[in-house]
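Note: the block below is data_6.txt and it holds compact mmCIF, C-alpha atoms and all ligand atoms.
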# COMPACT_ATOMS: atom_id res chain seq x y z
CA MET A 30 107.30 93.44 92.90
CA PHE A 31 103.63 92.37 92.95
CA LYS A 32 102.17 90.29 90.14
CA LYS A 33 98.71 90.21 88.59
CA MET A 34 98.16 86.85 90.32
CA ASP A 35 98.60 88.47 93.77
CA PHE A 36 95.72 90.89 93.16
CA ILE A 37 93.53 88.19 91.60
CA LYS A 38 94.04 85.91 94.60
CA ARG A 39 93.30 88.70 97.09
CA ARG A 40 90.02 89.62 95.39
CA LYS A 41 89.02 85.98 95.13
CA HIS A 42 89.56 85.56 98.86
CA ILE A 43 87.45 88.61 99.60
CA LEU A 44 84.64 87.63 97.25
CA LYS A 45 84.52 84.29 99.05
CA LYS A 46 84.08 86.06 102.40
CA MET A 47 81.44 88.54 101.21
CA ASP A 48 77.79 87.76 102.06
CA ASN A 49 75.58 86.65 99.22
CA ASN A 50 73.68 89.43 97.42
CA SER A 51 76.15 92.14 98.31
CA ILE A 52 78.41 94.55 96.52
CA MET A 53 81.70 96.13 97.56
CA ILE A 54 82.68 99.57 96.35
CA ILE A 55 86.25 100.68 96.94
CA LYS A 56 87.25 104.04 95.57
CA ALA A 57 90.74 105.19 94.73
CA ASN A 58 91.74 108.20 96.79
CA PRO A 59 90.55 111.39 95.10
CA ILE A 60 92.82 114.27 94.24
CA LEU A 61 92.99 116.49 97.30
CA TYR A 62 93.33 120.20 96.69
CA LYS A 63 95.61 122.26 98.86
CA ASN A 64 94.20 125.56 97.62
CA GLY A 65 92.90 126.83 94.28
CA ASP A 66 93.85 124.23 91.69
CA THR A 67 97.05 123.11 93.45
CA GLU A 68 96.99 119.46 94.42
CA PHE A 69 98.53 117.57 97.32
CA LEU A 70 100.83 114.77 96.17
CA HIS A 71 98.59 111.79 95.51
CA LYS A 72 98.66 108.85 97.89
CA GLN A 73 96.52 105.84 97.08
CA ASP A 74 93.86 104.36 99.33
CA SER A 75 95.51 101.31 100.92
CA SER A 76 92.73 98.78 100.33
CA PHE A 77 92.28 99.95 96.75
CA TYR A 78 95.99 99.46 96.08
CA TYR A 79 95.98 96.11 97.87
CA LEU A 80 93.26 94.77 95.59
CA THR A 81 94.29 96.35 92.28
CA GLY A 82 97.95 97.48 92.30
CA ILE A 83 96.83 100.77 90.74
CA ASN A 84 98.03 104.12 92.07
CA GLU A 85 95.84 106.39 89.90
CA ASN A 86 93.03 108.63 91.16
CA ASP A 87 89.46 108.68 89.88
CA CYS A 88 89.06 104.89 89.67
CA THR A 89 86.63 102.58 91.44
CA LEU A 90 86.74 98.86 92.12
CA ILE A 91 83.39 97.10 92.43
CA LEU A 92 83.07 93.48 93.49
CA THR A 93 79.66 91.85 93.31
CA LYS A 94 78.28 88.63 94.70
CA ILE A 95 74.75 88.21 93.42
CA ALA A 96 72.88 84.90 93.48
CA ASN A 97 76.22 83.40 94.55
CA LYS A 98 77.88 84.50 91.31
CA THR A 99 80.91 86.75 91.67
CA LYS A 100 82.03 89.51 89.30
CA GLU A 101 84.72 92.18 89.28
CA TYR A 102 84.49 95.64 87.72
CA PHE A 103 87.05 98.42 87.43
CA PHE A 104 85.98 101.93 86.44
CA THR A 105 88.42 104.53 85.21
CA LYS A 106 88.49 107.96 83.63
CA LYS A 107 88.92 108.21 79.88
CA ASN A 108 92.08 109.93 78.68
CA ASP A 109 91.52 113.56 77.79
CA LYS A 110 93.80 115.31 75.31
CA HIS A 111 93.78 118.58 77.28
CA ILE A 112 94.59 116.97 80.64
CA GLU A 113 97.27 114.83 78.98
CA ILE A 114 99.16 118.04 78.12
CA TRP A 115 99.41 118.89 81.82
CA VAL A 116 99.80 115.61 83.65
CA GLY A 117 100.41 112.98 80.99
CA LYS A 118 98.38 109.95 80.03
CA ARG A 119 96.37 107.79 82.37
CA LYS A 120 96.62 104.02 82.09
CA GLU A 121 94.64 102.62 79.16
CA ILE A 122 92.20 99.73 79.51
CA ASP A 123 94.70 97.11 78.31
CA GLU A 124 97.35 98.23 80.81
CA LEU A 125 94.78 98.19 83.61
CA LYS A 126 93.73 94.66 82.64
CA ASP A 127 97.33 93.61 82.63
CA ILE A 128 98.13 94.94 86.10
CA THR A 129 94.89 94.11 87.89
CA GLY A 130 93.81 90.92 86.14
CA ILE A 131 90.27 92.35 85.93
CA GLU A 132 88.44 91.68 82.64
CA ARG A 133 85.57 94.14 83.00
CA ILE A 134 87.20 97.54 82.75
CA LEU A 135 84.73 100.33 82.02
CA TYR A 136 84.70 104.12 81.93
CA ASN A 137 83.38 106.19 84.81
CA LYS A 138 80.34 107.41 82.89
CA GLN A 139 78.90 103.86 83.10
CA ILE A 140 79.29 103.52 86.85
CA ASP A 141 75.93 104.96 87.82
CA ASP A 142 73.90 102.59 85.63
CA CYS A 143 75.97 99.64 86.82
CA ILE A 144 75.50 100.39 90.53
CA LYS A 145 71.76 100.89 89.97
CA ALA A 146 71.57 97.47 88.31
CA PHE A 147 73.59 95.78 91.08
CA ILE A 148 71.55 97.35 93.87
CA ARG A 149 68.35 95.90 92.42
CA SER A 150 69.60 92.46 93.50
CA ALA A 151 72.04 93.34 96.27
CA SER A 152 71.01 95.48 99.21
CA LEU A 153 74.16 95.03 101.30
CA LEU A 154 77.02 97.40 100.59
CA TYR A 155 80.59 96.88 101.78
CA TYR A 156 82.29 100.24 102.04
CA ASP A 157 85.26 101.75 103.84
CA SER A 158 83.05 103.44 106.39
CA LYS A 159 85.60 104.04 109.10
CA SER A 160 85.44 107.71 110.03
CA TYR A 161 88.29 109.63 111.54
CA GLY A 162 87.77 112.91 113.30
CA HIS A 163 84.62 113.85 115.15
CA SER A 164 82.69 115.87 112.63
CA LYS A 165 79.48 114.59 111.10
CA PHE A 166 80.83 116.20 107.95
CA ASN A 167 83.54 113.59 107.83
CA ARG A 168 84.37 112.56 104.24
CA LYS A 169 83.41 108.88 104.69
CA THR A 170 80.11 109.70 106.42
CA LEU A 171 79.23 112.15 103.66
CA GLU A 172 80.10 109.61 100.98
CA ILE A 173 77.87 106.94 102.52
CA ASN A 174 74.97 109.36 102.97
CA GLU A 175 75.35 110.41 99.36
CA LEU A 176 75.40 106.79 98.16
CA LYS A 177 72.27 105.94 100.15
CA LYS A 178 70.49 108.96 98.72
CA GLN A 179 71.53 108.14 95.20
CA TYR A 180 70.78 104.42 95.52
CA PRO A 181 67.85 104.00 97.93
CA GLY A 182 68.04 100.22 97.46
CA ILE A 183 71.05 100.06 99.82
CA CYS A 184 69.63 98.99 103.15
CA CYS A 185 72.71 97.86 105.00
CA VAL A 186 76.33 99.06 105.02
CA LYS A 187 79.16 96.91 106.39
CA ASN A 188 82.71 98.11 106.83
CA ILE A 189 85.12 96.49 104.36
CA ASN A 190 87.27 95.52 107.34
CA ASN A 191 84.80 92.69 107.88
CA VAL A 192 86.29 90.89 104.89
CA LEU A 193 89.81 92.33 104.77
CA ASP A 194 91.49 90.10 107.37
CA LEU A 195 93.85 89.04 104.63
CA ARG A 196 95.64 92.40 104.88
CA ILE A 197 96.79 91.64 108.43
CA VAL A 198 99.01 88.70 107.50
CA LYS A 199 101.76 89.88 105.16
CA SER A 200 103.03 87.90 102.17
CA ASN A 201 106.77 87.55 101.53
CA ASN A 202 106.70 90.35 98.97
CA GLU A 203 104.86 92.65 101.34
CA ILE A 204 107.48 91.92 104.01
CA LYS A 205 110.16 92.80 101.44
CA CYS A 206 108.46 96.17 100.87
CA ILE A 207 108.35 96.87 104.61
CA GLU A 208 112.02 95.85 104.91
CA LYS A 209 112.92 98.24 102.10
CA ALA A 210 110.98 101.06 103.81
CA ILE A 211 112.88 100.27 107.03
CA ASP A 212 116.21 100.27 105.21
CA ILE A 213 115.50 103.75 103.80
CA THR A 214 114.44 104.88 107.27
CA ARG A 215 117.74 103.57 108.63
CA ASP A 216 119.62 105.98 106.35
CA ALA A 217 117.48 108.81 107.70
CA VAL A 218 118.04 107.90 111.37
CA ILE A 219 121.79 107.72 110.88
CA ARG A 220 121.75 111.06 109.05
CA ALA A 221 119.79 112.58 111.95
CA TYR A 222 122.39 111.24 114.42
CA LYS A 223 125.24 112.61 112.31
CA TYR A 224 123.85 116.04 111.48
CA SER A 225 121.98 117.03 114.65
CA LYS A 226 123.66 119.76 116.64
CA PRO A 227 122.48 121.90 119.56
CA GLY A 228 121.16 125.21 118.25
CA MET A 229 119.52 123.69 115.20
CA PHE A 230 115.81 124.00 114.74
CA GLU A 231 113.75 120.80 114.84
CA TYR A 232 112.68 121.41 111.23
CA GLU A 233 116.34 121.40 110.16
CA ILE A 234 116.64 117.86 111.49
CA ARG A 235 113.44 116.98 109.62
CA ALA A 236 115.09 118.33 106.46
CA GLU A 237 118.06 115.98 106.97
CA ILE A 238 115.71 113.04 107.54
CA GLU A 239 113.56 113.76 104.52
CA TYR A 240 116.64 114.41 102.40
CA ALA A 241 117.68 110.82 103.15
CA PHE A 242 114.17 109.63 102.22
CA GLY A 243 114.20 111.62 99.00
CA LYS A 244 117.61 110.28 97.95
CA ARG A 245 116.11 106.79 98.03
CA GLY A 246 112.90 107.70 96.23
CA THR A 247 110.43 108.35 99.05
CA ALA A 248 108.48 111.38 97.84
CA ILE A 249 106.08 111.48 100.79
CA PRO A 250 106.97 110.01 104.20
CA GLY A 251 104.62 107.30 105.46
CA PHE A 252 103.36 109.83 108.04
CA PRO A 253 104.34 113.36 109.12
CA THR A 254 107.92 113.32 110.42
CA ILE A 255 108.21 113.95 114.16
CA VAL A 256 111.31 115.65 115.54
CA ALA A 257 110.75 116.75 119.13
CA ALA A 258 113.38 118.19 121.44
CA GLY A 259 113.16 118.36 125.23
CA LYS A 260 109.65 118.98 126.52
CA ASN A 261 108.15 118.77 123.01
CA ALA A 262 108.93 115.05 123.09
CA THR A 263 106.24 114.65 125.76
CA ILE A 264 103.64 115.51 123.08
CA LEU A 265 103.10 112.14 121.42
CA HIS A 266 102.40 113.32 117.88
CA TYR A 267 104.18 116.68 117.97
CA VAL A 268 103.92 118.43 114.60
CA SER A 269 105.12 122.05 114.99
CA LEU A 270 108.87 121.33 114.70
CA ASP A 271 109.68 125.03 115.16
CA LYS A 272 111.78 125.05 118.33
CA LYS A 273 115.53 125.31 118.72
CA VAL A 274 117.25 122.23 120.11
CA LYS A 275 119.13 123.00 123.33
CA LYS A 276 122.41 121.31 124.14
CA ASP A 277 121.17 119.50 127.24
CA GLU A 278 118.05 118.13 125.58
CA LEU A 279 117.09 114.72 124.23
CA VAL A 280 115.70 114.62 120.70
CA LEU A 281 112.93 112.16 119.87
CA ILE A 282 112.39 111.26 116.22
CA ASP A 283 109.42 109.17 115.07
CA ILE A 284 109.77 108.66 111.34
CA GLY A 285 109.00 106.26 108.50
CA ALA A 286 109.77 106.08 104.82
CA ASP A 287 107.16 104.88 102.35
CA TYR A 288 108.17 102.20 99.86
CA MET A 289 105.58 101.10 97.30
CA ASN A 290 102.88 102.38 99.65
CA TYR A 291 104.24 100.33 102.60
CA SER A 292 105.41 102.26 105.62
CA ALA A 293 108.16 101.87 108.18
CA ASP A 294 107.59 103.30 111.66
CA ILE A 295 110.70 103.88 113.76
CA SER A 296 111.30 105.96 116.88
CA ARG A 297 114.69 106.77 118.29
CA THR A 298 115.78 109.17 121.04
CA TYR A 299 119.25 110.68 121.31
CA PRO A 300 121.06 113.50 123.09
CA ALA A 301 121.49 116.73 121.08
CA SER A 302 125.03 117.02 122.42
CA GLY A 303 125.91 113.49 121.30
CA LYS A 304 126.45 112.20 124.83
CA PHE A 305 123.89 110.63 127.18
CA ILE A 306 124.28 111.98 130.72
CA GLY A 307 122.73 111.71 134.18
CA ARG A 308 119.00 111.15 134.47
CA GLN A 309 118.55 110.99 130.69
CA LYS A 310 121.07 108.17 130.42
CA ASN A 311 119.53 106.19 133.27
CA LEU A 312 115.99 106.53 131.98
CA TYR A 313 117.04 105.71 128.41
CA SER A 314 118.91 102.57 129.30
CA ALA A 315 116.11 101.37 131.58
CA LEU A 316 113.54 101.90 128.81
CA LEU A 317 115.79 100.24 126.24
CA ASP A 318 116.01 97.14 128.46
CA ILE A 319 112.22 97.09 128.70
CA GLN A 320 111.81 97.50 124.95
CA LYS A 321 114.13 94.53 124.29
CA LYS A 322 112.22 92.38 126.80
CA LEU A 323 108.93 93.28 125.11
CA ILE A 324 110.28 92.37 121.69
CA ASP A 325 111.28 88.95 123.05
CA TYR A 326 107.70 88.59 124.23
CA VAL A 327 106.30 88.70 120.69
CA LYS A 328 105.34 85.30 119.29
CA PRO A 329 102.40 83.55 117.63
CA GLY A 330 99.50 83.07 120.04
CA ILE A 331 100.15 86.07 122.27
CA SER A 332 97.75 89.03 122.02
CA MET A 333 98.51 92.75 121.87
CA ILE A 334 96.54 93.19 125.08
CA LYS A 335 98.92 90.82 126.89
CA ILE A 336 101.98 92.65 125.56
CA ASN A 337 100.34 95.92 126.62
CA LYS A 338 99.79 94.56 130.11
CA GLN A 339 103.40 93.44 130.36
CA THR A 340 104.52 96.89 129.19
CA GLY A 341 102.50 98.57 131.94
CA THR A 342 104.01 96.28 134.55
CA LEU A 343 107.59 96.85 133.41
CA ILE A 344 107.27 100.62 132.99
CA GLY A 345 105.41 100.86 136.31
CA LYS A 346 108.33 99.12 138.05
CA MET A 347 110.84 101.37 136.30
CA LEU A 348 108.99 104.58 137.23
CA LYS A 349 108.71 103.44 140.84
CA THR A 350 112.45 102.76 140.96
CA PHE A 351 113.07 106.28 139.66
CA LYS A 352 110.62 107.56 142.31
CA TYR A 353 108.25 109.17 139.81
CA ILE A 354 105.31 107.17 141.15
CA LYS A 355 104.46 105.42 144.42
CA ASN A 356 102.23 102.71 142.97
CA GLU A 357 103.40 100.77 139.95
CA SER A 358 99.87 100.89 138.56
CA ASP A 359 100.07 104.68 138.20
CA TYR A 360 102.39 104.40 135.19
CA ILE A 361 99.75 105.93 132.90
CA LYS A 362 100.76 109.40 134.06
CA TYR A 363 104.09 108.99 132.27
CA TYR A 364 103.19 106.38 129.66
CA PRO A 365 99.75 107.17 128.24
CA HIS A 366 99.67 105.07 125.04
CA GLY A 367 99.59 101.50 123.80
CA VAL A 368 102.78 99.56 123.12
CA GLY A 369 102.25 99.15 119.39
CA HIS A 370 100.06 98.55 116.38
CA MET A 371 99.89 96.66 113.10
CA LEU A 372 102.13 97.99 110.36
CA GLY A 373 101.68 97.68 106.61
CA LEU A 374 100.11 99.76 103.86
CA ASP A 375 98.77 102.02 106.61
CA THR A 376 101.23 103.12 109.26
CA HIS A 377 98.55 102.22 111.78
CA ASP A 378 97.47 99.25 109.71
CA THR A 379 94.03 97.67 109.66
CA TYR A 380 93.07 95.07 112.27
CA GLY A 381 90.31 93.62 110.07
CA THR A 382 88.07 91.67 112.43
CA TYR A 383 91.00 91.17 114.79
CA THR A 384 91.07 92.94 118.11
CA ASN A 385 93.72 93.57 120.74
CA LYS A 386 92.59 90.30 122.30
CA SER A 387 93.18 88.17 119.19
CA PRO A 388 96.29 85.98 119.12
CA LEU A 389 99.13 87.18 116.88
CA LYS A 390 99.82 85.03 113.84
CA LYS A 391 102.89 84.30 111.75
CA GLY A 392 103.27 86.96 109.07
CA MET A 393 101.86 89.88 111.06
CA VAL A 394 104.06 92.94 111.45
CA ILE A 395 103.65 95.03 114.58
CA THR A 396 105.51 97.86 116.25
CA ILE A 397 106.90 97.69 119.77
CA GLU A 398 107.26 101.23 121.07
CA PRO A 399 107.27 101.80 124.81
CA GLY A 400 107.93 105.35 125.98
CA VAL A 401 108.22 107.57 129.03
CA TYR A 402 107.24 111.23 129.04
CA ILE A 403 108.36 113.27 132.01
CA LYS A 404 107.17 116.85 131.63
CA GLU A 405 108.72 118.07 134.90
CA HIS A 406 112.18 117.19 133.58
CA ASN A 407 111.59 118.06 129.90
CA ILE A 408 112.26 114.47 128.89
CA GLY A 409 110.37 112.33 126.38
CA ILE A 410 111.81 108.98 125.28
CA ARG A 411 110.30 106.48 122.85
CA ILE A 412 112.10 103.56 121.26
CA GLU A 413 110.26 101.82 118.45
CA ASP A 414 111.09 98.84 116.26
CA ASP A 415 109.11 96.97 113.60
CA ILE A 416 108.64 93.29 114.43
CA LEU A 417 107.62 90.40 112.19
CA VAL A 418 105.83 87.51 113.90
CA THR A 419 107.53 84.30 112.71
CA ASP A 420 106.83 80.58 113.03
CA LYS A 421 108.19 80.23 116.52
CA GLY A 422 108.84 83.78 117.63
CA ARG A 423 109.76 87.06 116.04
CA LYS A 424 112.24 88.85 113.82
CA ASN A 425 113.16 92.45 114.56
CA LEU A 426 113.11 93.92 111.05
CA SER A 427 114.73 97.15 112.24
CA ILE A 428 117.49 95.58 114.34
CA SER A 429 120.14 97.34 112.25
CA ILE A 430 118.97 100.84 113.21
CA PRO A 431 121.30 101.75 116.09
CA LYS A 432 119.69 102.22 119.51
CA GLU A 433 122.43 101.21 121.96
CA ILE A 434 123.91 104.17 123.85
CA LYS A 435 127.45 103.33 122.74
CA GLU A 436 126.48 102.97 119.07
CA ILE A 437 124.57 106.27 119.01
CA GLU A 438 127.39 108.14 120.77
CA LYS A 439 129.92 106.72 118.32
CA ILE A 440 127.92 107.80 115.27
CA MET A 441 127.38 111.25 116.79
CA GLY A 442 131.10 111.52 117.32
CA ALA A 443 130.92 112.33 121.01
MN MN B 1 104.21 103.63 115.72
Starting from the coordinates I provided, produce the structure as structure tokens.
Amino acid sequence: MFKKMDFIKRRKHILKKMDNNSIMIIKANPILYKNGDTEFLHKQDSSFYYLTGINENDCTLILTKIANKTKEYFFTKKNDKHIEIWVGKRKEIDELKDITGIERILYNKQIDDCIKAFIRSASLLYYDSKSYGHSKFNRKTLEINELKKQYPGICCVKNINNVLDLRIVKSNNEIKCIEKAIDITRDAVIRAYKYSKPGMFEYEIRAEIEYAFGKRGTAIPGFPTIVAAGKNATILHYVSLDKKVKKDELVLIDIGADYMNYSADISRTYPASGKFIGRQKNLYSALLDIQKKLIDYVKPGISMIKINKQTGTLIGKMLKTFKYIKNESDYIKYYPHGVGHMLGLDTHDTYGTYTNKSPLKKGMVITIEPGVYIKEHNIGIRIEDDILVTDKGRKNLSISIPKEIKEIEKIMGA
């Protein structure tokens, strides 16, 4: 789908934005070991893929801007006859040139000398320094400390997000990838509607969902599949999936297929029995109305913070009507998250230098996912669609994934 020219253009754009006398090092994701010598399925680092189109491990992209001259280097591991027997051949230099459009392709054993030479003239390093988790032993922190120790000439580190704004606005081909991921996810949602029955375990519904992914070529979901019944749905990122689904419960699924490294992110909530009743029905249809209003709110120029504010107002009103709260502003008790995020190569995609206050632009893809989580009644509802910001407004890319009460009940055969 992507051509050499796409990657060349992206790197050119980034090199233009980089400060003079700086280098950028972006590493491919390493092989992660599960235990012993057994590996997790490989998933590429998003920025590395975005700039190279290469899905292999053990490679590094280095961009340099020294004395206002820009250069691109790609380092890879040499093929090894013994390893080839087990996992096959890695891409050869010519293939790598052909896909990436980079002329200087070298082997990993040269990387150390090259970085040393670059650092003599460039003291600013761009690196993916964003750390997740709270430990000082975080992988990114350790990597940066190691680099600084190895190359004392580095005196300043900037996060690559400073120059990666390009990733926020999606090209037509990127939108096609997201649409494909959504289409695969649609199969999975419909399969979940069709196959869910009271008495099943949550993990059995996950199996149906991931079966639908697998049939269309998604080896690893974009993020861990969430299937949460009843009270479990009030845990936002519930991962245990080991409870039986009771007949009077709602089931919340938050799922997304991966297509060419792009992720869909869809949440739907449905009754295990196939029929919405009573309080569940009233809450669901009120939240669905709100979700549709919020989608209509998306357009160029508006900021996420404004959509968030509007969400709080609407959910506050709804919760007051249902007598869960006295003051509309107390909605946070039942709706403790933001309304959405950027979507792309990462499920929670990069914001670059954008913030929640920045105006949305044509070509951005965001999620709109209001929810209500009512522990005292064992109810959690979230409805999430993936929205493309267009010239004058928005396009709901996941409009064809059923969310109307009547549609869901029909598919479930109730
Ligand atoms: Mn989401």
Ranking A:Ile134, A:Leu92, A:Ile282, A:Val116 by minimum distance to ligand MN 1 (chain B) and counting only C-alpha atoms and all ligand atoms, which one comes first?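 Once distances to ligand MN 1 (chain B) are computed over only C-alpha atoms and all ligand atoms, the minimum belongs to A:Ile282.
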Neighbours of ligand MN 1 (chain B) within 10 Å, counting all atoms listed in the file, as a list in words?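 Protein and nucleic-acid residues within 10 Å of ligand MN 1 (chain B): Phe252, Asp283, Ile284, Gly285, Ala293, Asp294, Ile295, Ser296, Gly367, Val368, Gly369, His370, Met371, Leu372, Thr376, His377, Ile395, Thr396, Ile397, Glu398, Pro399, Arg411, Ile412, Glu413, Asp414 and Asp415 of chain A.
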Using all atoms listed in the file, pick whichever of A:Gln320, A:Ser302, A:Thr214, A:Thr105 has the shortest atom-to-atom distance to Val274 (chain A). A:Ser302
Which residues are near region 73-90 of chain A? Cut-off 7 Å, all atoms listed in the file, ignore same chain within fewer than 5 positions. Put them as a list of chain:residue names.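 Surrounding residues, per the criterion: A:Phe36, A:Arg39, A:Arg40, A:Ile54, A:Ile55, A:Lys56, A:Ala57, A:Asn58, A:Pro59, A:Ile60, A:Tyr102, A:Phe103, A:Phe104, A:Thr105, A:Lys106, A:Ile128, A:Thr129, A:Leu374, A:Asp375.
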Using all atoms listed in the file, which of A:Ile112, A:Leu312, A:Glu124, A:Thr99 sits nearest Thr350 (chain A)?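 For Thr350 (chain A), the nearest of the given residues is A:Leu312.
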CA of Tyr380 (chain A) sits from CA of Ile344 (chain A) at a separation of 25.7 Å
Distance CA of Ser158 (chain A)-CA of Lys45 (chain A), one decimal place?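 Between CA of Ser158 (chain A) and CA of Lys45 (chain A) the gap is 20.6 Å.
Between CA of Leu279 (chain A) and CA of Tyr240 (chain A) there is a distance of 21.8 Å.
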Residues near Lys46 (chain A), anyone? I mean within 6 Å using only C-alpha atoms, not counting same-chain ones fewer than 2 positions away, as a VMD selection string. chain A and resid 43 to 44 192
Could you name the residues that touch Lys260 (chain A) at 7 Å or less, counting only C-alpha atoms, but leaving out those on the same chain fewer than 4 positions away, as a PyMOL selection string? chain A and resi 404+407-409
Give me the box for region 73-82 of chain A as JSON, namely the centre and edge lengths in Å to one decimal of a box along x, y and z that holds every listed atom plus 4 Å on each side.
{"center_x": 95.1, "center_y": 100.3, "center_z": 96.6, "size_x": 13.7, "size_y": 19.1, "size_z": 16.6}
Counting all atoms listed in the file, the residue of A:Lys432, A:Lys386, A:Ile91, A:Ser292 that sits nearest Ile204 (chain A): A:Ser292
Residues around (120.8, 118.2, 124.2), cut-off 6 Å, counting all atoms listed in the file - what are they as a list of chain:residue names?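 The residues near that point, listed by chain and number, are A:Lys275, A:Lys276, A:Asp277, A:Glu278, A:Leu279, A:Pro300, A:Ala301, A:Ser302.
When all atoms listed in the file are used to measure the gap to Gly228 (chain A), the shortest distance among A:Ala258, A:Ile361, A:Ala151, A:Ile197 belongs to A:Ala258.
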Which of these residues is nearest to Ala217 (chain A), using all atoms listed in the file: A:Gly303, A:Lys322, A:Gln179, A:Arg297? A:Arg297
So that I can see what lies close to Ile238 (chain A), please list as an MDAnalysis selection string the residues with an atom at most 9 Å from it, counting all atoms listed in the file and leaving out residues fewer than 5 positions away in the same chain. chainID A and resid 214 216:221 233 243 254 284
